[in-house]
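File shown here: start11.txt, holding compact mmCIF, C-alpha atoms and all ligand atoms.
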```txt
# COMPACT_ATOMS: atom_id res chain seq x y z
CA ARG A 10 173.79 -147.01 46.72
CA ALA A 11 176.45 -144.72 45.30
CA LYS A 12 176.76 -147.07 42.36
CA ARG A 13 173.12 -146.92 41.34
CA SER A 14 172.86 -143.21 40.89
CA GLY A 15 175.40 -140.42 40.72
CA LYS A 16 172.79 -138.09 42.13
CA SER A 17 172.23 -140.01 45.33
CA CYS A 18 175.98 -140.17 45.69
CA VAL A 19 176.10 -136.41 45.73
CA ALA A 20 173.11 -136.20 48.02
CA THR A 21 174.74 -138.62 50.43
CA TYR A 22 178.20 -137.18 50.59
CA GLU A 23 177.74 -133.47 50.22
CA PRO A 24 176.37 -132.84 53.71
CA GLN A 25 179.35 -134.68 55.13
CA LEU A 26 181.82 -132.63 53.06
CA HIS A 27 179.92 -129.55 54.07
CA ARG A 28 180.09 -130.49 57.74
CA ASP A 29 183.85 -131.11 57.49
CA ALA A 30 184.42 -127.77 55.82
CA LEU A 31 182.26 -126.06 58.39
CA ARG A 32 184.13 -127.74 61.20
CA ARG A 33 187.45 -126.64 59.75
CA LEU A 34 186.15 -123.10 59.51
CA GLU A 35 184.92 -123.17 63.09
CA LEU A 36 188.17 -124.63 64.35
CA ARG A 37 190.12 -122.09 62.34
CA SER A 38 188.40 -119.16 63.95
CA ALA A 39 188.37 -120.70 67.42
CA LEU A 40 192.10 -121.25 67.13
CA GLY A 41 192.62 -117.51 67.01
CA GLY A 42 191.76 -117.13 70.70
CA ALA A 43 192.92 -120.54 71.95
CA LEU A 44 196.15 -119.22 73.39
CA GLU A 45 194.44 -116.35 75.25
CA ARG A 46 191.79 -118.70 76.61
CA GLY A 47 194.50 -120.98 77.98
CA GLU A 48 193.31 -123.95 75.92
CA LEU A 49 196.76 -124.96 74.72
CA THR A 50 199.02 -127.21 76.76
CA LEU A 51 202.22 -129.10 76.19
CA VAL A 52 202.74 -132.78 76.81
CA TYR A 53 206.20 -134.27 76.85
CA GLN A 54 207.35 -137.56 75.39
CA PRO A 55 210.57 -139.03 76.79
CA VAL A 56 213.45 -139.60 74.39
CA VAL A 57 215.51 -142.55 75.59
CA ASP A 58 218.96 -144.04 75.28
CA LEU A 59 218.15 -147.32 73.53
CA VAL A 60 220.94 -149.13 75.31
CA ASP A 61 219.47 -148.76 78.79
CA ALA A 62 216.05 -147.18 78.12
CA GLU A 63 216.91 -144.25 80.35
CA PRO A 64 215.38 -140.92 79.36
CA ILE A 65 217.86 -138.37 78.04
CA GLY A 66 215.36 -135.78 76.96
CA VAL A 67 211.80 -135.00 76.01
CA GLU A 68 209.91 -133.78 72.97
CA ALA A 69 207.32 -131.08 73.62
CA LEU A 70 204.04 -131.73 71.79
CA LEU A 71 201.08 -129.37 71.57
CA ARG A 72 197.58 -130.24 72.71
CA TRP A 73 194.48 -128.13 72.20
CA HIS A 74 191.61 -128.62 74.62
CA HIS A 75 188.70 -126.94 72.91
CA PRO A 76 185.63 -127.40 75.14
CA PRO A 77 182.92 -127.89 72.50
CA VAL A 78 185.05 -130.37 70.55
CA GLY A 79 187.32 -131.96 73.14
CA THR A 80 191.00 -132.48 72.52
CA VAL A 81 192.02 -131.58 68.98
CA PRO A 82 195.17 -133.41 67.82
CA PRO A 83 198.02 -131.30 66.41
CA ASP A 84 197.76 -132.92 62.98
CA ALA A 85 194.27 -131.39 62.81
CA PHE A 86 195.04 -127.87 64.04
CA VAL A 87 198.70 -127.12 63.32
CA PRO A 88 198.02 -126.96 59.55
CA LEU A 89 195.11 -124.57 60.23
CA ALA A 90 197.32 -122.45 62.47
CA GLU A 91 199.89 -122.35 59.69
CA GLU A 92 197.26 -121.12 57.23
CA THR A 93 196.08 -118.31 59.48
CA GLY A 94 199.50 -117.40 60.83
CA ALA A 95 198.37 -118.22 64.39
CA ILE A 96 201.26 -120.69 64.53
CA VAL A 97 203.66 -117.78 65.04
CA PRO A 98 202.36 -116.62 68.46
CA ILE A 99 201.54 -120.23 69.37
CA GLY A 100 205.06 -121.35 68.46
CA LEU A 101 206.52 -118.54 70.51
CA TRP A 102 204.46 -119.64 73.49
CA VAL A 103 205.65 -123.24 72.99
CA LEU A 104 209.28 -122.11 73.02
CA HIS A 105 208.88 -120.17 76.25
CA GLU A 106 206.74 -122.79 77.95
CA ALA A 107 209.03 -125.71 77.10
CA THR A 108 212.32 -124.01 77.96
CA ALA A 109 210.93 -122.55 81.19
CA TRP A 110 209.54 -125.92 82.24
CA LEU A 111 212.75 -127.83 81.53
CA SER A 112 215.01 -125.34 83.24
CA GLY A 113 212.85 -125.61 86.36
CA GLN A 114 213.39 -129.39 86.44
CA TRP A 115 216.32 -131.26 87.89
CA PRO A 116 218.47 -128.24 88.62
CA ALA A 117 221.38 -130.36 89.79
CA GLY A 118 222.55 -133.96 89.57
CA GLY A 119 221.51 -136.59 87.08
CA ARG A 120 221.83 -136.24 83.37
CA PRO A 121 220.54 -132.91 82.16
CA TRP A 122 217.70 -133.60 79.77
CA SER A 123 217.24 -131.83 76.49
CA VAL A 124 213.92 -130.55 75.22
CA SER A 125 212.97 -130.80 71.56
CA VAL A 126 210.58 -128.22 70.18
CA ASN A 127 208.85 -128.53 66.80
CA VAL A 128 209.11 -125.45 64.65
CA SER A 129 206.77 -124.93 61.70
CA PRO A 130 208.14 -123.87 58.30
CA VAL A 131 206.04 -120.72 58.77
CA GLN A 132 208.06 -119.83 61.88
CA LEU A 133 211.42 -120.37 60.20
CA GLN A 134 211.94 -116.66 59.54
CA PRO A 135 214.76 -114.35 60.64
CA ARG A 136 212.78 -113.10 63.65
CA LEU A 137 212.74 -116.64 65.07
CA VAL A 138 216.41 -116.27 66.00
CA GLY A 139 215.73 -113.41 68.41
CA GLN A 140 212.72 -115.25 69.81
CA VAL A 141 214.76 -118.36 70.59
CA GLU A 142 217.48 -116.21 72.12
CA ALA A 143 214.88 -114.49 74.33
CA ALA A 144 213.41 -117.82 75.43
CA LEU A 145 216.88 -119.09 76.37
CA GLN A 146 217.58 -115.93 78.29
CA SER A 147 214.34 -115.82 80.24
CA SER A 148 214.51 -119.52 81.08
CA ALA A 149 218.28 -119.53 81.73
CA LEU A 150 218.41 -122.85 79.88
CA ALA A 151 221.80 -123.82 78.45
CA PRO A 152 221.43 -123.51 74.66
CA GLU A 153 222.69 -127.02 73.94
CA ARG A 154 219.76 -128.41 75.93
CA LEU A 155 217.31 -127.03 73.37
CA VAL A 156 216.77 -129.01 70.18
CA VAL A 157 214.90 -127.20 67.43
CA GLU A 158 213.10 -129.67 65.16
CA VAL A 159 212.58 -128.54 61.58
CA THR A 160 211.20 -130.50 58.67
CA GLU A 161 212.82 -131.13 55.30
CA GLN A 162 209.94 -129.21 53.78
CA ALA A 163 211.07 -126.09 55.63
CA LEU A 164 214.56 -126.48 54.19
CA MET A 165 213.34 -126.50 50.59
CA ARG A 166 213.62 -122.73 50.69
CA GLN A 167 217.26 -121.74 50.83
CA ARG A 168 216.32 -118.56 52.67
CA SER A 169 215.50 -120.67 55.67
CA TRP A 170 219.03 -122.08 55.66
CA ASP A 171 220.33 -118.75 56.97
CA VAL A 172 217.85 -118.95 59.84
CA VAL A 173 219.17 -122.39 60.73
CA ARG A 174 222.75 -121.12 60.59
CA ASP A 175 221.88 -118.25 62.93
CA LEU A 176 220.10 -120.61 65.33
CA LYS A 177 223.22 -122.78 65.39
CA ARG A 178 225.24 -119.73 66.35
CA LEU A 179 223.11 -119.43 69.49
CA GLY A 180 224.35 -122.89 70.44
CA VAL A 181 221.04 -124.73 70.10
CA ARG A 182 220.89 -128.07 68.35
CA ILE A 183 218.99 -128.68 65.12
CA ALA A 184 217.10 -131.85 64.29
CA ILE A 185 215.54 -132.81 60.97
CA ASP A 186 212.13 -134.23 61.85
CA ASP A 187 210.33 -136.96 59.87
CA PHE A 188 213.54 -137.49 57.94
CA GLY A 189 213.01 -139.33 54.67
CA THR A 190 209.44 -138.17 54.04
CA GLY A 191 210.08 -134.69 52.72
CA TYR A 192 211.04 -134.94 49.03
CA SER A 193 213.70 -132.31 49.55
CA SER A 194 217.20 -132.49 48.19
CA LEU A 195 219.81 -133.56 50.69
CA ALA A 196 222.04 -130.64 49.77
CA TYR A 197 221.38 -128.97 53.10
CA LEU A 198 223.08 -131.84 54.90
CA SER A 199 226.46 -130.81 53.55
CA GLU A 200 225.72 -127.07 53.81
CA LEU A 201 224.20 -126.85 57.27
CA ALA A 202 225.68 -128.20 60.45
CA VAL A 203 222.54 -129.95 61.65
CA ASP A 204 222.90 -132.23 64.66
CA GLN A 205 220.27 -134.89 64.46
CA LEU A 206 218.17 -136.90 62.01
CA LYS A 207 214.87 -138.25 63.25
CA ILE A 208 213.79 -141.34 61.33
CA ASP A 209 210.09 -141.07 60.62
CA ARG A 210 207.73 -143.45 62.38
CA SER A 211 206.57 -144.89 59.04
CA PHE A 212 210.02 -146.45 58.51
CA ILE A 213 210.15 -147.86 62.03
CA ALA A 214 206.75 -149.53 61.79
CA SER A 215 207.97 -152.11 59.27
CA LEU A 216 211.30 -152.84 60.97
CA GLY A 217 212.01 -156.48 61.56
CA ASN A 218 209.95 -157.54 58.52
CA GLY A 219 212.88 -158.29 56.24
CA GLU A 220 215.62 -156.74 54.16
CA ARG A 221 213.70 -154.48 51.83
CA THR A 222 211.70 -152.66 54.49
CA GLU A 223 214.90 -152.09 56.40
CA ALA A 224 216.69 -150.38 53.56
CA VAL A 225 215.61 -146.85 54.51
CA PRO A 226 216.28 -146.87 58.27
CA ARG A 227 219.55 -148.66 57.60
CA ALA A 228 220.58 -146.01 55.07
CA VAL A 229 219.59 -143.13 57.36
CA ILE A 230 221.58 -144.60 60.25
CA GLU A 231 224.58 -145.01 57.93
CA LEU A 232 224.18 -141.49 56.56
CA ALA A 233 224.05 -140.05 60.06
CA ARG A 234 227.12 -142.01 61.04
CA SER A 235 229.17 -140.82 58.11
CA LEU A 236 228.10 -137.21 58.68
CA GLY A 237 228.76 -137.45 62.40
CA LEU A 238 225.12 -136.75 63.32
CA SER A 239 223.02 -138.40 65.97
CA VAL A 240 220.02 -140.36 64.85
CA VAL A 241 216.72 -140.72 66.69
CA ALA A 242 214.11 -143.35 65.84
CA GLU A 243 210.50 -142.20 66.21
CA GLY A 244 207.48 -144.35 67.03
CA ILE A 245 209.12 -147.44 68.54
CA GLU A 246 206.23 -149.63 69.68
CA THR A 247 207.63 -153.16 69.94
CA ASP A 248 210.57 -155.08 71.35
CA ALA A 249 211.38 -156.31 67.84
CA GLN A 250 211.73 -152.77 66.53
CA TRP A 251 213.81 -151.74 69.54
CA GLN A 252 216.10 -154.74 69.21
CA ARG A 253 216.57 -154.28 65.48
CA LEU A 254 217.40 -150.58 65.86
CA LEU A 255 220.12 -151.44 68.35
CA GLU A 256 221.52 -154.01 65.96
CA LEU A 257 221.53 -151.43 63.19
CA GLY A 258 223.45 -149.03 65.43
CA CYS A 259 220.71 -146.56 66.36
CA ARG A 260 221.33 -145.33 69.85
CA VAL A 261 218.40 -143.04 70.64
CA GLY A 262 214.64 -143.36 70.26
CA GLN A 263 211.15 -142.53 71.40
CA GLY A 264 207.86 -144.35 71.18
CA TYR A 265 204.95 -145.90 73.04
CA ARG A 266 207.21 -148.85 73.93
CA PHE A 267 208.88 -146.52 76.42
CA ALA A 268 206.36 -143.81 77.15
CA ARG A 269 203.55 -141.86 75.60
CA PRO A 270 203.56 -138.09 75.61
CA MET A 271 202.41 -136.99 79.08
CA PRO A 272 201.64 -133.90 81.12
CA PRO A 273 204.62 -132.48 83.00
CA GLY A 274 203.29 -133.56 86.39
CA GLU A 275 203.45 -137.23 85.40
CA LEU A 276 206.97 -136.96 84.07
CA ALA A 277 208.49 -136.09 87.41
CA ASP A 278 208.23 -139.75 88.46
CA LEU A 279 210.35 -140.84 85.54
CA VAL A 280 213.49 -138.93 86.22
CA ASP A 281 215.45 -141.86 87.53
CA GLY A 282 215.85 -145.25 85.95
CA PRO A 283 214.99 -147.08 82.75
CA LEU A 284 211.50 -146.92 81.23
CA ALA A 285 211.58 -150.53 80.04
CA SER A 286 213.79 -153.57 80.21
CA ARG A 287 215.74 -154.73 77.18
CA PRO A 288 214.06 -157.25 74.92
CA GLY A 289 215.37 -160.72 75.63
CA THR A 290 216.51 -159.89 79.14
CA GLY A 291 213.13 -161.13 80.27
CA ALA A 292 213.22 -159.87 83.80
CA THR A 293 210.55 -157.21 84.09
CA GLN A 294 207.85 -157.89 81.52
CA ALA A 295 205.26 -157.26 84.19
CA GLU A 296 206.35 -153.74 84.96
CA VAL A 297 206.35 -153.04 81.24
CA SER A 298 202.80 -153.99 80.32
P1 LIG B 1 206.29 -135.19 65.30
O1 LIG B 1 207.07 -133.99 65.67
O2 LIG B 1 206.89 -136.13 64.33
O3 LIG B 1 205.94 -135.89 66.68
C1 LIG B 1 205.87 -137.27 66.86
C2 LIG B 1 204.43 -137.77 66.85
O4 LIG B 1 204.42 -139.19 66.96
C3 LIG B 1 203.62 -137.27 68.04
O5 LIG B 1 202.28 -137.12 67.60
C4 LIG B 1 203.70 -138.43 69.02
O6 LIG B 1 202.66 -138.47 69.95
C5 LIG B 1 203.63 -139.58 68.06
N1 LIG B 1 204.23 -140.80 68.60
C6 LIG B 1 205.29 -140.93 69.41
N2 LIG B 1 205.57 -142.22 69.67
C7 LIG B 1 204.66 -142.95 68.98
C8 LIG B 1 204.42 -144.37 68.83
O7 LIG B 1 205.12 -145.22 69.37
N3 LIG B 1 203.38 -144.73 68.02
C9 LIG B 1 202.58 -143.81 67.41
N4 LIG B 1 201.58 -144.27 66.65
N5 LIG B 1 202.79 -142.46 67.53
C10 LIG B 1 203.81 -142.05 68.30
P2 LIG B 1 201.42 -135.82 67.97
O8 LIG B 1 201.71 -135.39 69.38
O9 LIG B 1 200.00 -136.12 67.60
O10 LIG B 1 202.01 -134.71 67.01
C11 LIG B 1 201.87 -134.82 65.61
C12 LIG B 1 202.67 -133.78 64.89
O11 LIG B 1 202.17 -132.46 65.15
C13 LIG B 1 204.14 -133.72 65.32
O12 LIG B 1 204.85 -134.76 64.69
C14 LIG B 1 204.52 -132.34 64.82
O13 LIG B 1 204.79 -132.37 63.45
C15 LIG B 1 203.23 -131.55 65.06
N6 LIG B 1 203.38 -130.77 66.31
C16 LIG B 1 203.19 -131.18 67.59
N7 LIG B 1 203.49 -130.18 68.45
C17 LIG B 1 203.88 -129.13 67.69
C18 LIG B 1 204.33 -127.78 68.00
O14 LIG B 1 204.48 -127.35 69.16
N8 LIG B 1 204.62 -126.97 66.92
C19 LIG B 1 204.52 -127.42 65.63
N9 LIG B 1 204.84 -126.57 64.63
N10 LIG B 1 204.12 -128.66 65.32
C20 LIG B 1 203.82 -129.52 66.34
MG MG B 2 208.97 -133.67 66.18
MG MG B 3 208.55 -136.73 63.59
MG MG B 4 205.53 -136.67 62.40
```
Entire entry expressed as structure tokens:
Amino acid sequence: RAKRSGKSCVATYEPQLHRDALRRLELRSALGGALERGELTLVYQPVVDLVDAEPIGVEALLRWHHPPVGTVPPDAFVPLAEETGAIVPIGLWVLHEATAWLSGQWPAGGRPWSVSVNVSPVQLQPRLVGQVEAALQSSALAPERLVVEVTEQALMRQRSWDVVRDLKRLGVRIAIDDFGTGYSSLAYLSELAVDQLKIDRSFIASLGNGERTEAVPRAVIELARSLGLSVVAEGIETDAQWQRLLELGCRVGQGYRFARPMPPGELADLVDGPLASRPGTGATQAEVS
């Protein structure tokens, strides 16, 4: 129909565009009070040692339960919150919530997990340093158990490099999230003592499909090795991807193959033991599916 007449094309699509814009506007304004209304929660996705599939940490991920709409995914509301500035108080809440939760878990014995918190480029301002320090103090969490995830995009501004340096001085760890998708120069890698590169899910998805598709993850793993950084693979969904990452020398990962992000109550059961059995070892396929 769109082909026959430009006019009907407009008539067909405009209401949809209009609805989308309206929805964004509604979400945008609703987001303002989401924190106060208690509509935001954190879910946690285990980060595992790829050798034995045992959890060594978690990544905190925001969820917004907005009654008229349902659950709004972060990709839909974090950008809006960045536009309005609401991400600043929300991000502060995330920091306190995640550190407080982790420090209340597993006080003794076992491997102490780390918690990774995503920080928006908008939050990467000098005042963030004091906010992180306050969260560490009120939670009594050891600084090295907090991993602050920043994106390459945030590091395009050199002013944010000083913020990262000051965060490092607190003793927290810094991860570069979605590494390889950000178009930024890699200069910061030699200037900033970051700790971890997270290989974006898009590069993991095609692993095991041949040489060319492996070039990027292979290069990132090599880069991390030569810089002495740890490397974390995101979005591992299959045994083939898991196996290949091990062969390439990647030691840490997260993905649906091991566990989806889950509410804190469900995580308690996972503290001990592997989340999956190694591909090829056969034994426990049943418990996996
Ligand atoms: P991210 O930090 O790269 O988080 C990883 C995303 O990949 C999460 O999506 C996670 O649920 C998803 N994921 C993990 N394993 C798999 C897998 O095996 N397969 C697939 N298909 N997906 C997997 P989520 O929770 O929807 O979050 C999306 C993005 O929203 C995050 O990407 C992060 O950039 C942002 N975000 C989430 N929470 C926060 C927050 O507290 N603050 C800020 N500033 N951004 C956040
Ligand atoms: Mg992340
Ligand atoms: Mg990521
Ligand atoms: Mg991502």
Pick out the closest residue to A:Tyr265 from this set: A:Thr247, A:Gln252, A:Thr80, A:Ser129. Count all atoms listed in the file.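 Of A:Thr247, A:Gln252, A:Thr80, A:Ser129, the one nearest A:Tyr265, counting all atoms listed in the file, is A:Thr247.
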Could you report the residues within 7 Å of ligand MG 3 (chain B), using only C-alpha atoms and all ligand atoms, as a compact mmCIF listing (two decimals) with C-alpha atoms, keeping the file's coordinate frame?
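And here is the file that came out, result22.txt:
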```
# COMPACT_ATOMS: atom_id res chain seq x y z
CA ASP A 186 212.13 -134.23 61.85
CA ASP A 187 210.33 -136.96 59.87
CA LYS A 207 214.87 -138.25 63.25
CA ASP A 209 210.09 -141.07 60.62
CA ARG A 210 207.73 -143.45 62.38
CA GLU A 243 210.50 -142.20 66.21
```
Distance limit 9 Å, reference ligand MG 2 (chain B), atoms considered: all atoms listed in the file. Which residues make the cut? Give them as a VMD selection string. chain A and resid 68 to 70 125 to 128 157 to 160 184 to 187 207 243
Go through A:Gln263, A:Gln114, A:Ser239, A:Ser169 one by one, measure the shortest atom-to-atom distance of each to ligand LIG 1 (chain B) using all atoms listed in the file, and give the residue with the smallest value.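 For ligand LIG 1 (chain B), the nearest of the given residues is A:Gln263.
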Compile the contact shell of stretch 268-284 of chain A as an mmCIF file with C-alpha atoms, keeping the file's coordinate frame: residues with an atom at most 12 Å away, counting only C-alpha atoms, same-chain residues fewer than 2 positions apart removed.
```cif
data_model
loop_
_atom_site.group_PDB
_atom_site.id
_atom_site.type_symbol
_atom_site.label_atom_id
_atom_site.label_comp_id
_atom_site.auth_asym_id
_atom_site.auth_seq_id
_atom_site.Cartn_x
_atom_site.Cartn_y
_atom_site.Cartn_z
ATOM 1 C CA THR A 50 199.020 -127.210 76.760
ATOM 2 C CA LEU A 51 202.220 -129.100 76.190
ATOM 3 C CA VAL A 52 202.740 -132.780 76.810
ATOM 4 C CA TYR A 53 206.200 -134.270 76.850
ATOM 5 C CA GLN A 54 207.350 -137.560 75.390
ATOM 6 C CA PRO A 55 210.570 -139.030 76.790
ATOM 7 C CA VAL A 56 213.450 -139.600 74.390
ATOM 8 C CA VAL A 57 215.510 -142.550 75.590
ATOM 9 C CA ASP A 58 218.960 -144.040 75.280
ATOM 10 C CA LEU A 59 218.150 -147.320 73.530
ATOM 11 C CA VAL A 60 220.940 -149.130 75.310
ATOM 12 C CA ASP A 61 219.470 -148.760 78.790
ATOM 13 C CA ALA A 62 216.050 -147.180 78.120
ATOM 14 C CA GLU A 63 216.910 -144.250 80.350
ATOM 15 C CA PRO A 64 215.380 -140.920 79.360
ATOM 16 C CA ILE A 65 217.860 -138.370 78.040
ATOM 17 C CA GLY A 66 215.360 -135.780 76.960
ATOM 18 C CA VAL A 67 211.800 -135.000 76.010
ATOM 19 C CA GLU A 68 209.910 -133.780 72.970
ATOM 20 C CA ALA A 69 207.320 -131.080 73.620
ATOM 21 C CA LEU A 70 204.040 -131.730 71.790
ATOM 22 C CA LEU A 71 201.080 -129.370 71.570
ATOM 23 C CA ARG A 72 197.580 -130.240 72.710
ATOM 24 C CA GLU A 106 206.740 -122.790 77.950
ATOM 25 C CA ALA A 107 209.030 -125.710 77.100
ATOM 26 C CA ALA A 109 210.930 -122.550 81.190
ATOM 27 C CA TRP A 110 209.540 -125.920 82.240
ATOM 28 C CA LEU A 111 212.750 -127.830 81.530
ATOM 29 C CA GLY A 113 212.850 -125.610 86.360
ATOM 30 C CA GLN A 114 213.390 -129.390 86.440
ATOM 31 C CA TRP A 115 216.320 -131.260 87.890
ATOM 32 C CA GLY A 118 222.550 -133.960 89.570
ATOM 33 C CA GLY A 119 221.510 -136.590 87.080
ATOM 34 C CA ARG A 120 221.830 -136.240 83.370
ATOM 35 C CA PRO A 121 220.540 -132.910 82.160
ATOM 36 C CA TRP A 122 217.700 -133.600 79.770
ATOM 37 C CA GLU A 243 210.500 -142.200 66.210
ATOM 38 C CA GLY A 244 207.480 -144.350 67.030
ATOM 39 C CA ILE A 245 209.120 -147.440 68.540
ATOM 40 C CA GLU A 246 206.230 -149.630 69.680
ATOM 41 C CA THR A 247 207.630 -153.160 69.940
ATOM 42 C CA GLY A 262 214.640 -143.360 70.260
ATOM 43 C CA GLN A 263 211.150 -142.530 71.400
ATOM 44 C CA GLY A 264 207.860 -144.350 71.180
ATOM 45 C CA TYR A 265 204.950 -145.900 73.040
ATOM 46 C CA ARG A 266 207.210 -148.850 73.930
ATOM 47 C CA SER A 286 213.790 -153.570 80.210
ATOM 48 C CA ARG A 287 215.740 -154.730 77.180
ATOM 49 C CA THR A 293 210.550 -157.210 84.090
ATOM 50 C CA GLN A 294 207.850 -157.890 81.520
ATOM 51 C CA GLU A 296 206.350 -153.740 84.960
ATOM 52 C CA VAL A 297 206.350 -153.040 81.240
ATOM 53 C CA SER A 298 202.800 -153.990 80.320
#
```
Which of these residues is nearest to ligand MG 4 (chain B), using all atoms listed in the file: A:Gly217, A:Gly237, A:Gly191, A:Pro98?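 Selected residue with least distance to ligand MG 4 (chain B): A:Gly191.
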Each residue of stretch 92-145 of chain A with at least one atom at most 12 Å from stretch 44-48 of chain A should appear once, together with its nearest atom pair and the corresponding distance in Å (one decimal); atoms considered: all atoms listed in the file; ordering: chain, then increasing residue number; output as a tab-separated table.
```
residue	atom	partner	partner_atom	distance
A:Ala95	CA	A:Leu44	CA	9.3
A:Ile96	CA	A:Leu44	CA	10.3
A:Val97	CA	A:Leu44	CA	11.3
A:Pro98	CA	A:Leu44	CA	8.3
A:Ile99	CA	A:Leu44	CA	6.8
A:Gly100	CA	A:Leu44	CA	10.4
A:Leu101	CA	A:Leu44	CA	10.8
A:Trp102	CA	A:Leu44	CA	8.3
A:Val103	CA	A:Leu44	CA	10.3
```
Proximity to A:Ser38 - best of A:Pro24, A:Gly79, A:Phe86, A:Arg136, only C-alpha atoms: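 The closest residue to A:Ser38 is A:Phe86.
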What's the 8 Å shell around stretch 180-183 of chain A, counting all atoms listed in the file, without same-chain residues fewer than 3 positions away, as a PyMOL selection string? chain A and resi 152-159+173+176-177+203-205
Between atom CA of A:Ser235 and atom P1 of ligand LIG 1 (chain B) - distance in Å to one decimal: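 Distance between the two atoms: 24.6 Å.
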